[in-house]
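This is data-v9.pdb (PDB, C-alpha atoms, pLDDT in the B column).
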MODEL        1
ATOM      1  CA  MET A   1    -155.289 188.348  95.751  1.00 71.00           C
ATOM      2  CA  PRO A   2    -157.251 189.259  98.934  1.00 85.00           C
ATOM      3  CA  VAL A   3    -155.744 187.570 101.962  1.00 93.00           C
ATOM      4  CA  THR A   4    -158.682 185.763 103.546  1.00 95.00           C
ATOM      5  CA  SER A   5    -158.615 182.933 106.071  1.00 95.00           C
ATOM      6  CA  HIS A   6    -159.700 180.556 103.277  1.00 96.00           C
ATOM      7  CA  TYR A   7    -156.828 181.687 101.064  1.00 96.00           C
ATOM      8  CA  TRP A   8    -154.370 181.335 103.960  1.00 96.00           C
ATOM      9  CA  THR A   9    -155.556 177.796 104.756  1.00 96.00           C
ATOM     10  CA  GLN A  10    -155.453 176.702 101.121  1.00 96.00           C
ATOM     11  CA  SER A  11    -151.980 178.168 100.675  1.00 96.00           C
ATOM     12  CA  GLU A  12    -150.692 176.360 103.758  1.00 96.00           C
ATOM     13  CA  LYS A  13    -152.025 173.034 102.490  1.00 95.00           C
ATOM     14  CA  LEU A  14    -150.569 173.604  99.046  1.00 96.00           C
ATOM     15  CA  VAL A  15    -147.137 174.814 100.160  1.00 95.00           C
ATOM     16  CA  ASP A  16    -146.614 172.595 103.214  1.00 94.00           C
ATOM     17  CA  SER A  17    -148.305 169.370 102.087  1.00 94.00           C
ATOM     18  CA  LEU A  18    -149.225 169.089  98.407  1.00 94.00           C
ATOM     19  CA  LEU A  19    -145.997 170.556  97.034  1.00 94.00           C
ATOM     20  CA  PRO A  20    -143.671 168.295  99.086  1.00 94.00           C
ATOM     21  CA  CYS A  21    -145.836 165.245  98.279  1.00 93.00           C
ATOM     22  CA  SER A  22    -145.803 165.962  94.554  1.00 92.00           C
ATOM     23  CA  LEU A  23    -142.041 166.542  94.588  1.00 92.00           C
ATOM     24  CA  LEU A  24    -141.436 163.317  96.499  1.00 91.00           C
ATOM     25  CA  LEU A  25    -143.671 161.299  94.172  1.00 89.00           C
ATOM     26  CA  CYS A  26    -142.019 162.782  91.112  1.00 88.00           C
ATOM     27  CA  LEU A  27    -138.533 162.016  92.442  1.00 89.00           C
ATOM     28  CA  LEU A  28    -139.501 158.414  93.247  1.00 88.00           C
ATOM     29  CA  LEU A  29    -140.916 157.874  89.760  1.00 84.00           C
ATOM     30  CA  LEU A  30    -137.887 159.454  88.126  1.00 82.00           C
ATOM     31  CA  PHE A  31    -135.588 157.293  90.233  1.00 83.00           C
ATOM     32  CA  PHE A  32    -137.510 154.156  89.266  1.00 80.00           C
ATOM     33  CA  LEU A  33    -137.397 155.053  85.565  1.00 77.00           C
ATOM     34  CA  PHE A  34    -133.700 155.858  85.779  1.00 79.00           C
ATOM     35  CA  VAL A  35    -132.836 152.615  87.573  1.00 78.00           C
ATOM     36  CA  THR A  36    -134.811 150.490  85.109  1.00 74.00           C
ATOM     37  CA  LEU A  37    -133.423 152.346  82.064  1.00 70.00           C
ATOM     38  CA  PRO A  38    -130.626 149.814  81.344  1.00 71.00           C
ATOM     39  CA  TYR A  39    -133.103 146.925  81.394  1.00 68.00           C
ATOM     40  CA  VAL A  40    -135.723 148.179  78.954  1.00 68.00           C
ATOM     41  CA  LYS A  41    -135.491 147.734  75.216  1.00 69.00           C
ATOM     42  CA  LYS A  42    -137.020 151.042  74.190  1.00 73.00           C
ATOM     43  CA  LYS A  43    -135.108 153.460  76.368  1.00 72.00           C
ATOM     44  CA  LYS A  44    -136.500 156.489  74.630  1.00 76.00           C
ATOM     45  CA  TYR A  45    -139.935 155.839  76.163  1.00 77.00           C
ATOM     46  CA  ASN A  46    -138.422 155.985  79.634  1.00 73.00           C
ATOM     47  CA  LEU A  47    -136.553 159.153  78.739  1.00 81.00           C
ATOM     48  CA  ILE A  48    -139.706 160.755  77.322  1.00 80.00           C
ATOM     49  CA  THR A  49    -141.661 159.741  80.422  1.00 80.00           C
ATOM     50  CA  MET A  50    -138.979 161.249  82.653  1.00 80.00           C
ATOM     51  CA  LEU A  51    -139.103 164.482  80.677  1.00 85.00           C
ATOM     52  CA  VAL A  52    -142.900 164.617  80.840  1.00 86.00           C
ATOM     53  CA  LEU A  53    -142.878 163.986  84.603  1.00 85.00           C
ATOM     54  CA  THR A  54    -140.345 166.770  85.093  1.00 88.00           C
ATOM     55  CA  VAL A  55    -142.429 169.203  83.048  1.00 90.00           C
ATOM     56  CA  ILE A  56    -145.633 168.277  84.891  1.00 90.00           C
ATOM     57  CA  GLU A  57    -143.981 168.692  88.272  1.00 90.00           C
ATOM     58  CA  GLY A  58    -142.563 172.027  87.156  1.00 92.00           C
ATOM     59  CA  ILE A  59    -146.042 173.206  86.191  1.00 93.00           C
ATOM     60  CA  ILE A  60    -147.533 171.995  89.490  1.00 93.00           C
ATOM     61  CA  ALA A  61    -144.807 173.639  91.590  1.00 93.00           C
ATOM     62  CA  SER A  62    -144.954 176.896  89.638  1.00 94.00           C
ATOM     63  CA  SER A  63    -148.744 177.049  89.929  1.00 95.00           C
ATOM     64  CA  ILE A  64    -148.659 176.461  93.679  1.00 95.00           C
ATOM     65  CA  LEU A  65    -145.935 179.026  94.270  1.00 95.00           C
ATOM     66  CA  LEU A  66    -147.713 181.574  92.077  1.00 95.00           C
ATOM     67  CA  TYR A  67    -151.054 181.065  93.840  1.00 95.00           C
ATOM     68  CA  ALA A  68    -149.388 181.330  97.258  1.00 95.00           C
ATOM     69  CA  THR A  69    -147.259 184.391  96.451  1.00 95.00           C
ATOM     70  CA  ASP A  70    -148.941 186.661  99.012  1.00 96.00           C
ATOM     71  CA  TYR A  71    -148.980 183.894 101.610  1.00 96.00           C
ATOM     72  CA  ARG A  72    -145.272 183.173 101.181  1.00 96.00           C
ATOM     73  CA  TYR A  73    -144.483 186.884 101.600  1.00 96.00           C
ATOM     74  CA  LEU A  74    -146.595 187.215 104.762  1.00 96.00           C
ATOM     75  CA  ARG A  75    -145.822 183.863 106.340  1.00 96.00           C
ATOM     76  CA  PRO A  76    -142.683 185.027 108.261  1.00 95.00           C
ATOM     77  CA  TYR A  77    -144.866 187.482 110.213  1.00 96.00           C
ATOM     78  CA  ALA A  78    -147.133 184.721 111.548  1.00 96.00           C
ATOM     79  CA  SER A  79    -145.447 183.518 114.725  1.00 94.00           C
ATOM     80  CA  ARG A  80    -146.016 182.436 118.310  1.00 94.00           C
ATOM     81  CA  VAL A  81    -146.709 186.106 119.030  1.00 95.00           C
ATOM     82  CA  ASN A  82    -149.951 186.114 117.050  1.00 96.00           C
ATOM     83  CA  ARG A  83    -150.820 182.464 116.383  1.00 96.00           C
ATOM     84  CA  SER A  84    -151.378 179.348 118.494  1.00 95.00           C
ATOM     85  CA  VAL A  85    -150.510 176.796 115.784  1.00 96.00           C
ATOM     86  CA  GLU A  86    -147.764 176.357 113.211  1.00 94.00           C
ATOM     87  CA  SER A  87    -148.288 174.699 109.860  1.00 93.00           C
ATOM     88  CA  ARG A  88    -146.266 171.538 109.307  1.00 92.00           C
ATOM     89  CA  PHE A  89    -146.254 168.731 106.753  1.00 92.00           C
ATOM     90  CA  LEU A  90    -149.808 167.280 106.691  1.00 89.00           C
ATOM     91  CA  ASN A  91    -150.736 168.739 110.095  1.00 91.00           C
ATOM     92  CA  TYR A  92    -150.448 171.617 112.567  1.00 93.00           C
ATOM     93  CA  LEU A  93    -148.197 171.937 115.600  1.00 94.00           C
ATOM     94  CA  ASP A  94    -149.689 173.456 118.756  1.00 95.00           C
ATOM     95  CA  ILE A  95    -147.434 176.311 119.907  1.00 94.00           C
ATOM     96  CA  SER A  96    -149.917 178.016 122.239  1.00 92.00           C
ATOM     97  CA  THR A  97    -147.682 177.335 125.246  1.00 92.00           C
ATOM     98  CA  LEU A  98    -145.029 179.550 123.634  1.00 90.00           C
ATOM     99  CA  GLN A  99    -147.307 182.578 123.398  1.00 89.00           C
ATOM    100  CA  GLU A 100    -145.733 185.907 124.358  1.00 85.00           C
ATOM    101  CA  LYS A 101    -147.761 187.118 127.326  1.00 84.00           C
ATOM    102  CA  LYS A 102    -146.199 190.592 127.172  1.00 84.00           C
ATOM    103  CA  PRO A 103    -145.183 191.238 123.566  1.00 90.00           C
ATOM    104  CA  HIS A 104    -142.920 194.228 123.056  1.00 87.00           C
ATOM    105  CA  LYS A 105    -143.398 196.988 120.503  1.00 89.00           C
ATOM    106  CA  ASP A 106    -141.406 195.284 117.736  1.00 91.00           C
ATOM    107  CA  MET A 107    -143.582 192.174 118.007  1.00 93.00           C
ATOM    108  CA  VAL A 108    -146.784 194.194 117.652  1.00 94.00           C
ATOM    109  CA  GLN A 109    -145.358 196.101 114.686  1.00 94.00           C
ATOM    110  CA  GLU A 110    -144.351 192.826 113.044  1.00 94.00           C
ATOM    111  CA  THR A 111    -147.866 191.477 113.564  1.00 96.00           C
ATOM    112  CA  LEU A 112    -149.225 194.557 111.816  1.00 96.00           C
ATOM    113  CA  ARG A 113    -147.442 193.425 108.644  1.00 96.00           C
ATOM    114  CA  LEU A 114    -150.280 190.918 108.382  1.00 97.00           C
ATOM    115  CA  PRO A 115    -153.081 192.763 106.538  1.00 96.00           C
ATOM    116  CA  PHE A 116    -155.834 191.293 108.708  1.00 96.00           C
ATOM    117  CA  TYR A 117    -154.586 193.084 111.852  1.00 97.00           C
ATOM    118  CA  GLN A 118    -154.971 196.751 112.727  1.00 97.00           C
ATOM    119  CA  LEU A 119    -153.506 198.991 115.426  1.00 96.00           C
ATOM    120  CA  VAL A 120    -155.746 200.341 118.197  1.00 96.00           C
ATOM    121  CA  ASP A 121    -155.032 202.591 121.173  1.00 93.00           C
ATOM    122  CA  GLU A 122    -155.397 201.157 124.667  1.00 91.00           C
ATOM    123  CA  THR A 123    -156.424 202.836 127.900  1.00 86.00           C
ATOM    124  CA  THR A 124    -154.035 202.104 130.754  1.00 86.00           C
ATOM    125  CA  GLU A 125    -154.138 202.568 134.500  1.00 86.00           C
ATOM    126  CA  PRO A 126    -152.342 205.682 135.831  1.00 89.00           C
ATOM    127  CA  LEU A 127    -148.656 205.359 136.678  1.00 93.00           C
ATOM    128  CA  ILE A 128    -146.627 207.216 139.278  1.00 94.00           C
ATOM    129  CA  TYR A 129    -142.995 207.770 138.361  1.00 95.00           C
ATOM    130  CA  LEU A 130    -140.628 206.866 141.195  1.00 95.00           C
ATOM    131  CA  GLY A 131    -137.252 207.436 139.596  1.00 94.00           C
ATOM    132  CA  LYS A 132    -134.540 205.630 137.688  1.00 93.00           C
ATOM    133  CA  SER A 133    -131.460 203.528 138.241  1.00 90.00           C
ATOM    134  CA  PRO A 134    -128.666 203.023 135.697  1.00 87.00           C
ATOM    135  CA  ASP A 135    -130.667 200.261 133.976  1.00 87.00           C
ATOM    136  CA  TYR A 136    -134.368 200.827 134.641  1.00 92.00           C
ATOM    137  CA  PHE A 137    -137.147 203.335 135.142  1.00 94.00           C
ATOM    138  CA  TYR A 138    -139.468 202.584 138.075  1.00 95.00           C
ATOM    139  CA  PHE A 139    -143.190 203.211 138.410  1.00 95.00           C
ATOM    140  CA  GLU A 140    -145.952 202.571 140.900  1.00 93.00           C
ATOM    141  CA  LYS A 141    -149.328 201.177 139.860  1.00 92.00           C
ATOM    142  CA  ASN A 142    -152.021 200.042 142.272  1.00 90.00           C
ATOM    143  CA  LYS A 143    -149.499 200.249 145.139  1.00 88.00           C
ATOM    144  CA  LYS A 144    -147.108 197.843 143.383  1.00 92.00           C
ATOM    145  CA  ILE A 145    -143.675 198.662 141.996  1.00 94.00           C
ATOM    146  CA  TYR A 146    -142.848 198.001 138.337  1.00 94.00           C
ATOM    147  CA  ARG A 147    -139.798 198.612 136.167  1.00 93.00           C
ATOM    148  CA  ARG A 148    -139.246 199.286 132.486  1.00 91.00           C
ATOM    149  CA  ASP A 149    -136.108 199.515 130.378  1.00 87.00           C
ATOM    150  CA  THR A 150    -135.668 201.498 127.177  1.00 79.00           C
ATOM    151  CA  LEU A 151    -134.767 198.587 124.923  1.00 79.00           C
ATOM    152  CA  HIS A 152    -138.247 198.304 123.400  1.00 75.00           C
ATOM    153  CA  THR A 153    -139.937 201.372 124.875  1.00 84.00           C
ATOM    154  CA  LYS A 154    -139.263 205.048 124.272  1.00 89.00           C
ATOM    155  CA  ILE A 155    -139.116 206.838 127.633  1.00 92.00           C
ATOM    156  CA  SER A 156    -138.768 210.603 127.579  1.00 93.00           C
ATOM    157  CA  PHE A 157    -139.229 213.692 129.743  1.00 95.00           C
ATOM    158  CA  SER A 158    -141.291 216.669 128.653  1.00 94.00           C
ATOM    159  CA  LYS A 159    -142.351 220.049 130.018  1.00 93.00           C
ATOM    160  CA  LYS A 160    -145.658 219.660 128.182  1.00 92.00           C
ATOM    161  CA  VAL A 161    -147.075 217.032 130.565  1.00 92.00           C
ATOM    162  CA  ASN A 162    -147.997 217.213 134.249  1.00 93.00           C
ATOM    163  CA  ALA A 163    -148.434 213.475 134.793  1.00 93.00           C
ATOM    164  CA  VAL A 164    -147.041 210.265 133.346  1.00 94.00           C
ATOM    165  CA  ILE A 165    -148.489 209.634 129.891  1.00 94.00           C
ATOM    166  CA  VAL A 166    -148.474 206.066 128.609  1.00 94.00           C
ATOM    167  CA  ASP A 167    -148.931 205.343 124.917  1.00 93.00           C
ATOM    168  CA  ALA A 168    -150.174 201.739 124.801  1.00 93.00           C
ATOM    169  CA  LYS A 169    -151.445 199.948 121.705  1.00 94.00           C
ATOM    170  CA  SER A 170    -152.641 196.554 120.545  1.00 95.00           C
ATOM    171  CA  ALA A 171    -152.982 194.761 117.228  1.00 96.00           C
ATOM    172  CA  ILE A 172    -156.454 193.296 116.746  1.00 97.00           C
ATOM    173  CA  LEU A 173    -157.959 191.148 114.013  1.00 97.00           C
ATOM    174  CA  THR A 174    -160.125 192.851 111.423  1.00 96.00           C
ATOM    175  CA  ASP A 175    -161.460 189.475 110.238  1.00 96.00           C
ATOM    176  CA  ASN A 176    -162.499 187.145 113.048  1.00 95.00           C
ATOM    177  CA  SER A 177    -162.516 184.112 110.748  1.00 96.00           C
ATOM    178  CA  PHE A 178    -158.739 183.966 111.231  1.00 97.00           C
ATOM    179  CA  THR A 179    -159.314 182.806 114.813  1.00 96.00           C
ATOM    180  CA  SER A 180    -160.505 179.481 113.361  1.00 96.00           C
ATOM    181  CA  ILE A 181    -156.972 178.829 112.065  1.00 96.00           C
ATOM    182  CA  GLY A 182    -155.224 179.783 115.267  1.00 96.00           C
ATOM    183  CA  PHE A 183    -154.630 183.536 115.034  1.00 97.00           C
ATOM    184  CA  TYR A 184    -155.136 185.476 118.250  1.00 96.00           C
ATOM    185  CA  GLN A 185    -157.928 188.009 118.375  1.00 96.00           C
ATOM    186  CA  LYS A 186    -155.638 190.497 120.076  1.00 95.00           C
ATOM    187  CA  VAL A 187    -151.869 190.952 120.410  1.00 95.00           C
ATOM    188  CA  GLY A 188    -151.037 193.288 123.254  1.00 91.00           C
ATOM    189  CA  PRO A 189    -151.534 195.695 124.866  1.00 92.00           C
ATOM    190  CA  THR A 190    -147.972 196.892 124.548  1.00 91.00           C
ATOM    191  CA  ILE A 191    -146.404 200.094 125.794  1.00 91.00           C
ATOM    192  CA  PHE A 192    -144.952 202.029 122.867  1.00 92.00           C
ATOM    193  CA  SER A 193    -143.763 205.061 124.805  1.00 92.00           C
ATOM    194  CA  ILE A 194    -143.878 206.711 128.219  1.00 94.00           C
ATOM    195  CA  THR A 195    -143.648 210.478 128.744  1.00 95.00           C
ATOM    196  CA  ILE A 196    -142.703 211.759 132.189  1.00 95.00           C
ATOM    197  CA  PRO A 197    -142.928 215.351 133.481  1.00 95.00           C
ATOM    198  CA  LYS A 198    -139.628 217.161 133.032  1.00 94.00           C
ATOM    199  CA  ASN A 199    -139.460 218.256 136.677  1.00 93.00           C
ATOM    200  CA  GLN A 200    -139.155 214.594 137.730  1.00 95.00           C
ATOM    201  CA  GLU A 201    -136.124 213.838 135.557  1.00 92.00           C
ATOM    202  CA  SER A 202    -133.639 213.985 138.434  1.00 92.00           C
ATOM    203  CA  LEU A 203    -135.429 211.385 140.580  1.00 93.00           C
ATOM    204  CA  SER A 204    -133.472 208.255 141.436  1.00 93.00           C
ATOM    205  CA  TYR A 205    -134.892 205.019 142.788  1.00 92.00           C
ATOM    206  CA  PHE A 206    -133.414 201.746 144.013  1.00 92.00           C
ATOM    207  CA  PRO A 207    -136.087 199.185 144.984  1.00 90.00           C
ATOM    208  CA  ALA A 208    -135.693 197.109 148.145  1.00 87.00           C
ATOM    209  CA  THR A 209    -137.343 194.085 146.495  1.00 86.00           C
ATOM    210  CA  LYS A 210    -137.493 192.888 142.923  1.00 90.00           C
ATOM    211  CA  PRO A 211    -140.250 194.813 141.087  1.00 92.00           C
ATOM    212  CA  GLY A 212    -142.606 193.471 138.454  1.00 90.00           C
ATOM    213  CA  GLU A 213    -142.101 193.997 134.735  1.00 87.00           C
ATOM    214  CA  LEU A 214    -144.290 196.772 133.355  1.00 84.00           C
TER
ENDMDL
END

Kindly transcribe the structure held in the file into structure tokens.
Amino acid sequence: MPVTSHYWTQSEKLVDSLLPCSLLLCLLLLFFLFVTLPYVKKKKYNLITMLVLTVIEGIIASSILLYATDYRYLRPYASRVNRSVESRFLNYLDISTLQEKKPHKDMVQETLRLPFYQLVDETTEPLIYLGKSPDYFYFEKNKKIYRRDTLHTKISFSKKVNAVIVDAKSAILTDNSFTSIGFYQKVGPTIFSITIPKNQESLSYFPATKPGEL
């Protein structure tokens, strides 16, 4: 089934609200029938009713889960990285204050698991490589010092480049209707890799003040 914003919204309502409500109602009715079983003369009618309720609830639950198969598979990839709200029972929770302002590469790649996002290249401002310490690589941009570690970014040296090359990308929505249900238009930009000229590999740098995060 095509994953549209309408399908996503309907699936959220079915999985997070209708399914729990139907299960709760069914359990309450079954409990009532079970408790009253010793006091009724024709117990078989209660037993038949309990069986019918169980079958009906099984059909309802199976139908919902079948309809929402794609949604349930993709749901783990919708997070505070790419969405400002989180579906809860009968409502939505605002999580916009938890948004990742500088998502790392893994977050962007996880967002791309959602079929309504696509990867685009970003143009970045030039960087000047200053050198490295045991834990960080340091760069200058617009006369300010920044640092970057290699935990989420590939940093390499190459003879094929004469200046610092930054590979930055973003995930953007291909269907803007998803913004109406809280998805961000753009996740990123994020630096995927940095390539530095080979002749600068021996440079060391120890900043006098705490630099910004690149």

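Picked out by the PyMOL selection byres ((chain A and resi 91) around 12) when it runs on this file: Thr9, Glu12, Lys13, Asp16, Ser17, Leu18, Val85, Glu86, Ser87, Arg88, Phe89, Leu90, Tyr92, Leu93 and Asp94 of chain A.
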
* **Spatial neighbours of Asp175 of chain A, max dist 12 Å, only C-alpha atoms, sep filter under 3 positions, as a list in words** =>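 Once the adjacent positions are removed, what remains is Val3, Thr4, Ser5, His6, Leu114, Pro115, Phe116, Tyr117, Gln118, Ile172, Phe178, Thr179, Ser180, Ile181, Phe183, Tyr184, Gln185 and Lys186 of chain A.
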
* Asked: Skipping near chain neighbours, those fewer than 4 positions away, what residues fall within 7 Å of segment 51-68 of chain A using all atoms listed in the file, listed as number ranges by chain?
  -> A: 11, 14-15, 19, 23, 26, 47, 72

* To do: Could you tell me which of A:Gln109, A:Ser79, A:Ser84, A:Ser133 comes closest to Leu203 of chain A if we count all atoms listed in the file?
  => A:Ser133

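Proximity of A:Lys154, A:Arg75, A:Arg80, A:Lys169 to Gly188 of chain A, computed with all atoms listed in the file, is greatest for A:Lys169.
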
* Figure out the distance between atom CA of His152 of chain A and atom CA of Thr174 of chain A, please, to one decimal in Å. => 25.5 Å

* Close residues, Val166 of chain A itself excluded, 12 Å, all atoms listed in the file, min 4 positions apart in chain, as a PyMOL selection string -> chain A and resi 121-129+139+153-156+161+189-197+214

* To do: With a distance cut-off of 12 Å and all atoms listed in the file, select the neighbouring residues of Tyr146 of chain A, excluding the residue or stretch itself and same-chain residues fewer than 3 positions from it, and output the selection as a ChimeraX atom specification.
  => /A:127-132,136-143,149,205-207,209-214

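Here atom CA of Val108 of chain A stands at a distance of 14.7 Å from atom CA of Leu74 of chain A.
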
* So which residues get picked by the PyMOL selection byres ((chain A and resi 103) around 9) here, written as an MDAnalysis selection string? -> chainID A and resid 81 99:102 104:108 187:190

* To do: Kindly give the distance, in Å, that separates atom CA of Ile95 of chain A and atom CA of Thr111 of chain A, rounded to a single decimal.
  =>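 Computing the Euclidean distance for atom CA of Ile95 of chain A and atom CA of Thr111 of chain A yields 16.4 Å.
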
Edge lengths and centre in Å to one decimal, as AutoDock Vina command-line options, of the axis-aligned box that encloses all listed atoms of segment 17-26 of chain A with 5 Å added on every side?
--center_x -145.3 --center_y 165.9 --center_z 96.6 --size_x 17.8 --size_y 19.3 --size_z 21.0

* To do: Could you tell me which residues the PyMOL selection byres ((chain A and resi 32-34) around 10) grabs in this file, written as a list in words?
  =>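 So the PyMOL selection byres ((chain A and resi 32-34) around 10), applied here, picks out Cys26, Leu27, Leu28, Leu29, Leu30, Phe31, Val35, Thr36, Leu37, Pro38, Tyr39, Val40, Lys43, Tyr45, Asn46, Leu47, Thr49 and Met50 of chain A.
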
* Compare A:Asn176, A:Asn82, A:Asn162, A:Thr97 by their minimum atom-to-atom distance to Lys198 of chain A, counting all atoms listed in the file, and give me the closest one. =>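 Closest to Lys198 of chain A of all the choices is A:Asn162.
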
* To do: For each of A:Ser204, A:Asn199, A:Glu110, A:Lys42, take the minimum atom-to-atom distance to Pro134 of chain A, counting all atoms listed in the file, then give the residue where this is smallest.
  => A:Ser204
